[in-house]
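Report on the following structure.
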Number of protein chains: 2
Amino acid sequence: MGRIAITDGMSETAISKLKHLGHDVVVEHYDKNDLESGILSEFDAIVVRSATKISKKVLDSLDPNRNNLKFIGRAGVGVDNIDIQTASKLGIFVCNTPKASTQSVVEMTLGHLFSSVRHLSRADRDLRSGIWSKKQLKGSELSGKKLGLVGFGRISKGVANISHHLGMDIHYFDPFIDENGQFTKHNSIEDLFDECTHISIHCNLTPETEGLVNLDLIKRMPTFDKEGVECGNHIVNCARGGIINEKDALIALNDGYLTSLALDVFEIEPATGQQLLQHEKFNGSPHIAASTKEAQNRIGIEMVELIDEFFRGEKPSTALN
Amino acid sequence: MGRIAITDGMSETAISKLKHLGHDVVVEHYDKNDLESGILSEFDAIVVRSATKISKKVLDSLDPNRNNLKFIGRAGVGVDNIDIQTASKLGIFVCNTPKASTQSVVEMTLGHLFSSVRHLSRADRDLRSGIWSKKQLKGSELSGKKLGLVGFGRISKGVANISHHLGMDIHYFDPFIDENGQFTKHNSIEDLFDECTHISIHCNLTPETEGLVNLDLIKRMPTFDKEGVECGNHIVNCARGGIINEKDALIALNDGYLTSLALDVFEIEPATGQQLLQHEKFNGSPHIAASTKEAQNRIGIEMVELIDEFFRGEKPSTALN
């Protein structure tokens with residue numbers, strides 16, 4: 001058994017389990033100076049979320065003569081805060097818990113879709129201001145509409161399955177995924193936007209996807225459904241900030257090229273103060289798509305399993321290096 | 001062909017269709033004095049929404065010697081604004097369009113459910129106020145939770161089907177509906193509330209259901225799911241105002257007996273100013289569950305069919321008398 005640092009918290013159940021398995025568990029947040037002083041050498045494994053930055057400098061500070069650290073676990077999905085390349089050179093496993101939050105993000109995406117087309121945030125805002133805006137808030141149904149998914153991984157497929165049962169017609173664009181018989185694959189993102197009144201983003205942020213959804217693309221979207229109903233056009237992003245160009249999105253909302261925009265993620269986070277957040281047809285949330293009790297519990301359970309694999313001398317099943 | 005008054009508007013497509021069929025269509029709102037002066041005698045049929053009140057006085061003012069009115073169509077569901085008893089005595093059909101808005105109300109209910117458990121309205125409100133409340137807004141998933149449906153008619157079954165695909169465990173209470181093998185029927189509303197962390201109301205407002213959901217019932221709800229996750233307890237009402245006792249609901253929110261409440265309908269509408277609307281865990285909308293372009297279109301199409309049946313000498317298929 002080993003010594004494990006939990007620096008950004010983890011579910012209590014998971015921490016108890018690790019202790020029960022005989023590990024020496026230290027739950028403590030270390031600041032940059034601590035981390036860069038080689039303090040992690042004393043641990044066999046460390047579990048972080050996004051707050052602890054495991055930079056090159058942190059890894060280079062590990063004492064080559066008496067370093068124990070061979071496992072970095074990210075309790076969550078994104079590993080932007082970990083220098084995987086340097087970790088690999090030092091023979092340190094880096095792994096994450098990619099499946100644990102899927103259902104939470106799927107549900108958040110659906111929530112934003114429903115909320116957008118029925119004006120739920122504005123409705124509540126108006127009621128709180130003493131305004132009964134029934135006549136101004138005619139919405140549209142999701143059933144019968146074409147939903148275009150940018151990226152077709154685990155989360156996107158989850159959204160597709162529920163939306164399909166809701167009566168939506170599912171389309172997707174993903175150059176890395178083979179055809180899926182049930183839904184309609186498009187060979188370019190332009191084709192997808194030409195076809196769909198509703199778009200949801202589910203790809204990674206990469207140099208190729210940064211700013212991918214811009215004014216040109218938004219302008220291509222139809223605003224009538226196949227029955228001739230003017231349902232407008234709607235975009236949701238619960239993936240990563242920056243895939244949608246926020247400046248263009250604001251122009252599109254102001255100039256009537258976009259009917260609604262829902263963002264859980266932003267180019268710069270925390271997002272505060274920008275004009276977009278005040279637009280009547282904007283619906284926002286502060287990067288909470290994976291922030292549920294269930295997802296945090298599953299992350300803990302999955303992390304305990306990964307740590308167990310590591311101490312049994314196996315390669316952790318979600319190792320990224 | 002006949003003379004038809006449309007007093008509260010109807011979809012343009014439907015009005016064109018009626019004209020195309022050779023009817024003389026008058027689209028005009030009449031006020032109380034006009035209506036009580038016997039003006040409707042000149043029409044064979046009238047189509048209203050909720051604004052035109054067809055009271056006993058209005059019907060009694062019809063000229064017995066030269067009255068043509070034999071059809072009152074309600075473009076929508078609720079017929080509280082029509083004196084059906086007096087209409088029956090005069091041999092006037094009263095009919096509505098009960099199916100046209102089902103999908104819209106189903107989707108609104110789901111929207112409020114998602115929005116409640118993920119704090120979407122508060123998230124948007126905070127962002128607009130410059131607050132990044134990520135840490136305060138941990139939510140819970142719907143998947144795996146027990147959804148209790150009060151009433152199990154068309155709308156409720158629609159909610160059940162989608163929620164089931166989402167992974168919810170469906171329970172219902174409806175003394176007028178036989179057992180449905182797929183979902184769990186309860187024999188009392190107390191049993192339903194004892195079992196379910198999430199409740200959605202889908203019954204009519206009657207003397208029996210007025211104030212049915214009170215503090216005693218809310219206090220019975222569990223706040224942990226079957227995995228032991230503390231998901232809290234949540235109630236949605238997109239049916240009719242008054243089924244939930246609003247005073248009790250506010251006490252329940254204030255005293256922690258209820259985690260969230262979403263209302264599209266209120267004891268008194270328009271609802272403005274009451275304390276409940278300001279509660280952090282309240283999510284409101286101004287009676288817009290059926291207010292979509294698609295529902296309005298379908299209502300128009302259905303009404304044209306009913307008028308057609310009437311002029312062919314048949315009893316309109318949704319006649320209530």
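Naming works like this for the structure tokens: A, B, ... for the chains as they're shown, residue 1 at the start of each chain, ligands 1 onward in shown order.
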Exercise for the section: Mind the document's chain letters and residue numbers, and return as a VMD selection string the residues of region 189-318 of chain B that DSSP labels helix (DSSP H, G or I). Expected result: chain B and resid 189 to 195 215 to 220 246 to 254 275 to 278 293 to 311
Exercise for the section: Name the residues in contact with region 107-123 of chain B at a cut-off of 8 Å, using only C-alpha atoms, excluding same-chain residues fewer than 6 positions from it; report them as an MDAnalysis selection string. Expected result: (chainID A and resid 107:108 110:112 114:115 118 120:121 124:125 141:142 284:286) or (chainID B and resid 133 137:142 159 163 200 234 236:238 260:262 280:281 283 289)
Same residues, C-alpha atoms, saved as a tab-separated table (two decimals), in the first residue's frame:
chain	number	residue	atom	x	y	z
A	107	GLU	CA	-28.67	15.83	-19.16
A	108	MET	CA	-27.24	19.35	-18.95
A	110	LEU	CA	-30.85	18.49	-22.91
A	111	GLY	CA	-31.72	20.93	-20.14
A	112	HIS	CA	-30.20	23.83	-22.05
A	114	PHE	CA	-35.38	22.61	-23.58
A	115	SER	CA	-34.74	25.82	-21.69
A	118	ARG	CA	-39.13	27.54	-24.23
A	120	LEU	CA	-37.31	29.23	-19.31
A	121	SER	CA	-34.64	31.55	-17.91
A	124	ASP	CA	-38.39	33.10	-14.55
A	125	ARG	CA	-36.53	36.42	-14.75
A	141	GLU	CA	-41.16	22.12	-29.77
A	142	LEU	CA	-38.01	20.01	-30.09
A	284	GLY	CA	-25.78	30.68	-19.40
A	285	SER	CA	-24.38	28.46	-16.67
A	286	PRO	CA	-20.94	28.53	-14.99
B	133	SER	CA	-21.52	30.53	-8.86
B	137	LEU	CA	-24.62	25.05	-8.16
B	138	LYS	CA	-23.83	21.37	-7.84
B	139	GLY	CA	-26.90	19.60	-9.20
B	140	SER	CA	-28.17	16.07	-9.49
B	141	GLU	CA	-29.02	13.74	-12.35
B	142	LEU	CA	-32.55	12.67	-13.30
B	159	VAL	CA	-43.57	12.52	-19.84
B	163	SER	CA	-38.27	10.02	-18.67
B	200	SER	CA	-44.91	16.09	-11.67
B	234	HIS	CA	-38.50	18.37	-6.57
B	236	VAL	CA	-43.18	20.48	-11.15
B	237	ASN	CA	-46.69	21.68	-12.05
B	238	CYS	CA	-47.56	22.42	-15.67
B	260	SER	CA	-37.08	22.96	-5.74
B	261	LEU	CA	-40.46	23.95	-7.14
B	262	ALA	CA	-41.25	24.73	-10.79
B	280	GLU	CA	-34.05	31.15	-4.83
B	281	LYS	CA	-35.24	27.60	-5.44
B	283	ASN	CA	-38.52	28.31	-11.15
B	289	ALA	CA	-46.69	25.06	-21.48
Exercise for the section: Tell me which protein, DNA and RNA residues are within 12 Å of Leu320 (chain B), counting only C-alpha atoms, leaving out same-chain ones fewer than 2 positions away, and put them as a PyMOL selection string. Expected result: chain B and resi 71-74+77-79+82-85+87-88+92-98+315-318
Just the selected residues (N, CA and C atoms), exported as a PDB file, in the first residue's frame, please.
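selection_0.pdb was written with the following content:
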ATOM      1  N   PHE B  71     -72.574  25.852 -32.861  1.00  0.00           N
ATOM      2  CA  PHE B  71     -71.231  25.278 -32.671  1.00  0.00           C
ATOM      3  C   PHE B  71     -70.336  26.281 -31.951  1.00  0.00           C
ATOM      4  N   ILE B  72     -69.820  25.873 -30.783  1.00  0.00           N
ATOM      5  CA  ILE B  72     -68.803  26.677 -30.096  1.00  0.00           C
ATOM      6  C   ILE B  72     -67.535  25.844 -30.031  1.00  0.00           C
ATOM      7  N   GLY B  73     -66.502  26.332 -30.681  1.00  0.00           N
ATOM      8  CA  GLY B  73     -65.227  25.604 -30.673  1.00  0.00           C
ATOM      9  C   GLY B  73     -64.233  26.307 -29.762  1.00  0.00           C
ATOM     10  N   ARG B  74     -63.590  25.567 -28.884  1.00  0.00           N
ATOM     11  CA  ARG B  74     -62.531  26.117 -28.035  1.00  0.00           C
ATOM     12  C   ARG B  74     -61.203  25.690 -28.646  1.00  0.00           C
ATOM     13  N   VAL B  77     -57.663  23.538 -24.810  1.00  0.00           N
ATOM     14  CA  VAL B  77     -58.209  22.447 -23.990  1.00  0.00           C
ATOM     15  C   VAL B  77     -59.281  22.922 -23.003  1.00  0.00           C
ATOM     16  N   GLY B  78     -58.932  23.880 -22.141  1.00  0.00           N
ATOM     17  CA  GLY B  78     -59.808  24.269 -21.035  1.00  0.00           C
ATOM     18  C   GLY B  78     -61.090  24.960 -21.488  1.00  0.00           C
ATOM     19  N   VAL B  79     -62.239  24.537 -20.949  1.00  0.00           N
ATOM     20  CA  VAL B  79     -63.524  25.115 -21.352  1.00  0.00           C
ATOM     21  C   VAL B  79     -64.221  25.804 -20.167  1.00  0.00           C
ATOM     22  N   ILE B  82     -66.769  28.600 -20.912  1.00  0.00           N
ATOM     23  CA  ILE B  82     -67.980  28.326 -21.687  1.00  0.00           C
ATOM     24  C   ILE B  82     -69.021  27.654 -20.796  1.00  0.00           C
ATOM     25  N   ASP B  83     -70.243  28.166 -20.797  1.00  0.00           N
ATOM     26  CA  ASP B  83     -71.329  27.558 -20.011  1.00  0.00           C
ATOM     27  C   ASP B  83     -71.911  26.394 -20.822  1.00  0.00           C
ATOM     28  N   ILE B  84     -71.326  25.233 -20.634  1.00  0.00           N
ATOM     29  CA  ILE B  84     -71.685  24.071 -21.453  1.00  0.00           C
ATOM     30  C   ILE B  84     -73.129  23.647 -21.189  1.00  0.00           C
ATOM     31  N   GLN B  85     -73.566  23.750 -19.918  1.00  0.00           N
ATOM     32  CA  GLN B  85     -74.915  23.318 -19.552  1.00  0.00           C
ATOM     33  C   GLN B  85     -75.972  24.097 -20.347  1.00  0.00           C
ATOM     34  N   ALA B  87     -75.446  25.808 -23.096  1.00  0.00           N
ATOM     35  CA  ALA B  87     -75.264  25.498 -24.518  1.00  0.00           C
ATOM     36  C   ALA B  87     -76.012  24.209 -24.876  1.00  0.00           C
ATOM     37  N   SER B  88     -75.900  23.207 -24.006  1.00  0.00           N
ATOM     38  CA  SER B  88     -76.578  21.931 -24.255  1.00  0.00           C
ATOM     39  C   SER B  88     -78.091  22.124 -24.376  1.00  0.00           C
ATOM     40  N   ILE B  92     -76.559  23.541 -28.697  1.00  0.00           N
ATOM     41  CA  ILE B  92     -75.308  24.046 -29.297  1.00  0.00           C
ATOM     42  C   ILE B  92     -74.151  23.125 -28.896  1.00  0.00           C
ATOM     43  N   PHE B  93     -73.428  22.620 -29.880  1.00  0.00           N
ATOM     44  CA  PHE B  93     -72.249  21.790 -29.586  1.00  0.00           C
ATOM     45  C   PHE B  93     -71.140  22.642 -28.982  1.00  0.00           C
ATOM     46  N   VAL B  94     -70.468  22.086 -27.971  1.00  0.00           N
ATOM     47  CA  VAL B  94     -69.237  22.699 -27.467  1.00  0.00           C
ATOM     48  C   VAL B  94     -68.133  21.666 -27.653  1.00  0.00           C
ATOM     49  N   CYS B  95     -67.058  22.049 -28.342  1.00  0.00           N
ATOM     50  CA  CYS B  95     -65.954  21.088 -28.484  1.00  0.00           C
ATOM     51  C   CYS B  95     -64.614  21.793 -28.350  1.00  0.00           C
ATOM     52  N   ASN B  96     -63.583  21.018 -28.024  1.00  0.00           N
ATOM     53  CA  ASN B  96     -62.240  21.579 -27.855  1.00  0.00           C
ATOM     54  C   ASN B  96     -61.238  20.767 -28.676  1.00  0.00           C
ATOM     55  N   THR B  97     -59.953  21.083 -28.534  1.00  0.00           N
ATOM     56  CA  THR B  97     -58.909  20.379 -29.302  1.00  0.00           C
ATOM     57  C   THR B  97     -57.909  19.793 -28.316  1.00  0.00           C
ATOM     58  N   PRO B  98     -58.289  18.707 -27.649  1.00  0.00           N
ATOM     59  CA  PRO B  98     -57.502  18.243 -26.501  1.00  0.00           C
ATOM     60  C   PRO B  98     -56.127  17.674 -26.827  1.00  0.00           C
ATOM     61  N   LYS B 315     -71.861  14.920 -35.497  1.00  0.00           N
ATOM     62  CA  LYS B 315     -71.484  15.417 -34.176  1.00  0.00           C
ATOM     63  C   LYS B 315     -69.956  15.593 -34.172  1.00  0.00           C
ATOM     64  N   PRO B 316     -69.451  16.783 -33.826  1.00  0.00           N
ATOM     65  CA  PRO B 316     -67.990  16.969 -33.822  1.00  0.00           C
ATOM     66  C   PRO B 316     -67.320  15.934 -32.914  1.00  0.00           C
ATOM     67  N   SER B 317     -66.202  15.378 -33.373  1.00  0.00           N
ATOM     68  CA  SER B 317     -65.642  14.221 -32.673  1.00  0.00           C
ATOM     69  C   SER B 317     -65.190  14.527 -31.247  1.00  0.00           C
ATOM     70  N   THR B 318     -64.894  15.778 -30.922  1.00  0.00           N
ATOM     71  CA  THR B 318     -64.505  16.076 -29.535  1.00  0.00           C
ATOM     72  C   THR B 318     -65.620  16.795 -28.767  1.00  0.00           C
TER      73      THR B 318
END
Any chance you could list, as an mmCIF file with C-alpha atoms, in the first residue's frame, the residues in region 193-306 of chain A that come up strand (DSSP E or B) when DSSP is run on the backbone?
data_model
loop_
_atom_site.group_PDB
_atom_site.id
_atom_site.type_symbol
_atom_site.label_atom_id
_atom_site.label_comp_id
_atom_site.auth_asym_id
_atom_site.auth_seq_id
_atom_site.Cartn_x
_atom_site.Cartn_y
_atom_site.Cartn_z
ATOM 1 C CA HIS A 198 -30.633 23.028 -33.601
ATOM 2 C CA ILE A 199 -26.906 22.475 -32.984
ATOM 3 C CA SER A 200 -25.100 21.034 -29.972
ATOM 4 C CA ILE A 201 -21.303 21.045 -29.612
ATOM 5 C CA VAL A 213 -18.453 27.994 -34.940
ATOM 6 C CA PHE A 224 -37.823 26.753 -40.550
ATOM 7 C CA GLU A 230 -40.466 28.975 -38.104
ATOM 8 C CA HIS A 234 -30.506 27.411 -31.607
ATOM 9 C CA ILE A 235 -26.974 26.515 -30.460
ATOM 10 C CA VAL A 236 -25.866 24.836 -27.202
ATOM 11 C CA ASN A 237 -22.279 24.362 -26.022
ATOM 12 C CA ILE A 244 -17.849 29.027 -30.512
ATOM 13 C CA SER A 260 -30.884 31.494 -28.979
ATOM 14 C CA LEU A 261 -27.505 30.555 -27.542
ATOM 15 C CA ALA A 262 -26.867 28.468 -24.434
ATOM 16 C CA LEU A 263 -23.331 28.238 -23.057
ATOM 17 C CA PHE A 282 -28.611 34.089 -24.100
ATOM 18 C CA ASN A 283 -28.833 31.292 -21.507
ATOM 19 C CA GLY A 284 -25.779 30.676 -19.401
ATOM 20 C CA THR A 292 -23.535 16.681 -9.999
#
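Neighbours of region 14-18 of chain A closer than or equal to 8 Å, with only C-alpha atoms counted and sequence neighbours fewer than 6 positions away skipped, come out as Val25, Asn297, Gly300, Ile301, Met303 and Val304 of chain A.
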Handout entry: Pick from B:Cys203, B:Leu306, B:Cys196, B:Leu215, whichever lies nearest to Asn233 (chain B) using only C-alpha atoms
Key =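 For Asn233 (chain B), the nearest of the given residues is B:Cys196.
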Problem - Closest of A:Ala319, A:Ile4, A:Leu212, A:Ala160 to chain B - atom-to-atom distances counting only C-alpha atoms - result: A:Ala160
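If only C-alpha atoms are the atoms counted, then among B:Ser55, B:Asn254, B:Asn214, B:Ser129 the closest residue to Gly273 (chain A) is B:Ser129.
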Handout entry: Among listed residues A:Leu21, A:Val106, A:Leu90, A:Ile155, nearest chain B (using only C-alpha atoms)
Key =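 Closest to chain B, using only C-alpha atoms: A:Val106.
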Handout entry: Residues near Asp8 (chain A), cut-off 12 Å, only C-alpha atoms, skip fewer than 6 positions along chain, as a PyMOL selection string
Key = chain A and resi 26-31+46-53+73-76
Would you mind exporting N, CA and C atoms of the selected residues as a compact mmCIF listing (two decimals), in the first residue's frame?
# COMPACT_ATOMS: atom_id res chain seq x y z
N VAL A 26 -3.42 11.61 2.34
CA VAL A 26 -3.27 12.98 2.82
C VAL A 26 -4.18 13.88 1.97
N VAL A 27 -5.21 14.46 2.60
CA VAL A 27 -6.11 15.35 1.86
C VAL A 27 -5.68 16.78 2.16
N GLU A 28 -4.99 17.40 1.21
CA GLU A 28 -4.45 18.74 1.46
C GLU A 28 -4.16 19.42 0.14
N HIS A 29 -4.49 20.71 0.09
CA HIS A 29 -4.17 21.45 -1.13
C HIS A 29 -2.79 22.08 -0.99
N TYR A 30 -1.95 21.87 -1.99
CA TYR A 30 -0.61 22.47 -1.98
C TYR A 30 -0.57 23.63 -2.95
N ASP A 31 0.06 24.72 -2.57
CA ASP A 31 0.16 25.84 -3.51
C ASP A 31 1.36 25.63 -4.43
N ILE A 46 -0.85 10.86 -6.69
CA ILE A 46 -1.55 12.10 -6.39
C ILE A 46 -2.83 12.14 -7.21
N VAL A 47 -3.91 12.65 -6.58
CA VAL A 47 -5.17 12.82 -7.29
C VAL A 47 -5.52 14.31 -7.31
N VAL A 48 -5.71 14.86 -8.51
CA VAL A 48 -6.02 16.28 -8.64
C VAL A 48 -7.35 16.46 -9.39
N ARG A 49 -7.89 17.67 -9.29
CA ARG A 49 -8.95 18.05 -10.24
C ARG A 49 -8.31 19.09 -11.16
N SER A 50 -8.92 20.27 -11.32
CA SER A 50 -8.30 21.23 -12.23
C SER A 50 -7.48 22.29 -11.51
N ALA A 51 -7.69 22.45 -10.20
CA ALA A 51 -7.03 23.55 -9.49
C ALA A 51 -5.53 23.34 -9.33
N THR A 52 -5.10 22.08 -9.13
CA THR A 52 -3.67 21.79 -8.97
C THR A 52 -3.00 21.66 -10.34
N LYS A 53 -2.03 22.53 -10.60
CA LYS A 53 -1.35 22.50 -11.90
C LYS A 53 -0.07 21.69 -11.79
N GLY A 73 -3.53 11.02 -10.98
CA GLY A 73 -4.91 10.77 -11.37
C GLY A 73 -5.67 12.09 -11.47
N ARG A 74 -6.37 12.30 -12.58
CA ARG A 74 -7.22 13.48 -12.72
C ARG A 74 -8.65 13.03 -12.44
N ALA A 75 -9.22 13.51 -11.32
CA ALA A 75 -10.61 13.19 -10.99
C ALA A 75 -11.51 14.04 -11.87
N GLY A 76 -11.77 13.56 -13.07
CA GLY A 76 -12.52 14.31 -14.08
C GLY A 76 -11.99 13.96 -15.45
Fill in the blank from the handout: Ile268 (chain B) proximity check over B:Asp255, B:Ile243, B:Leu250, B:Ile54, using only C-alpha atoms: winner is B:Ile243
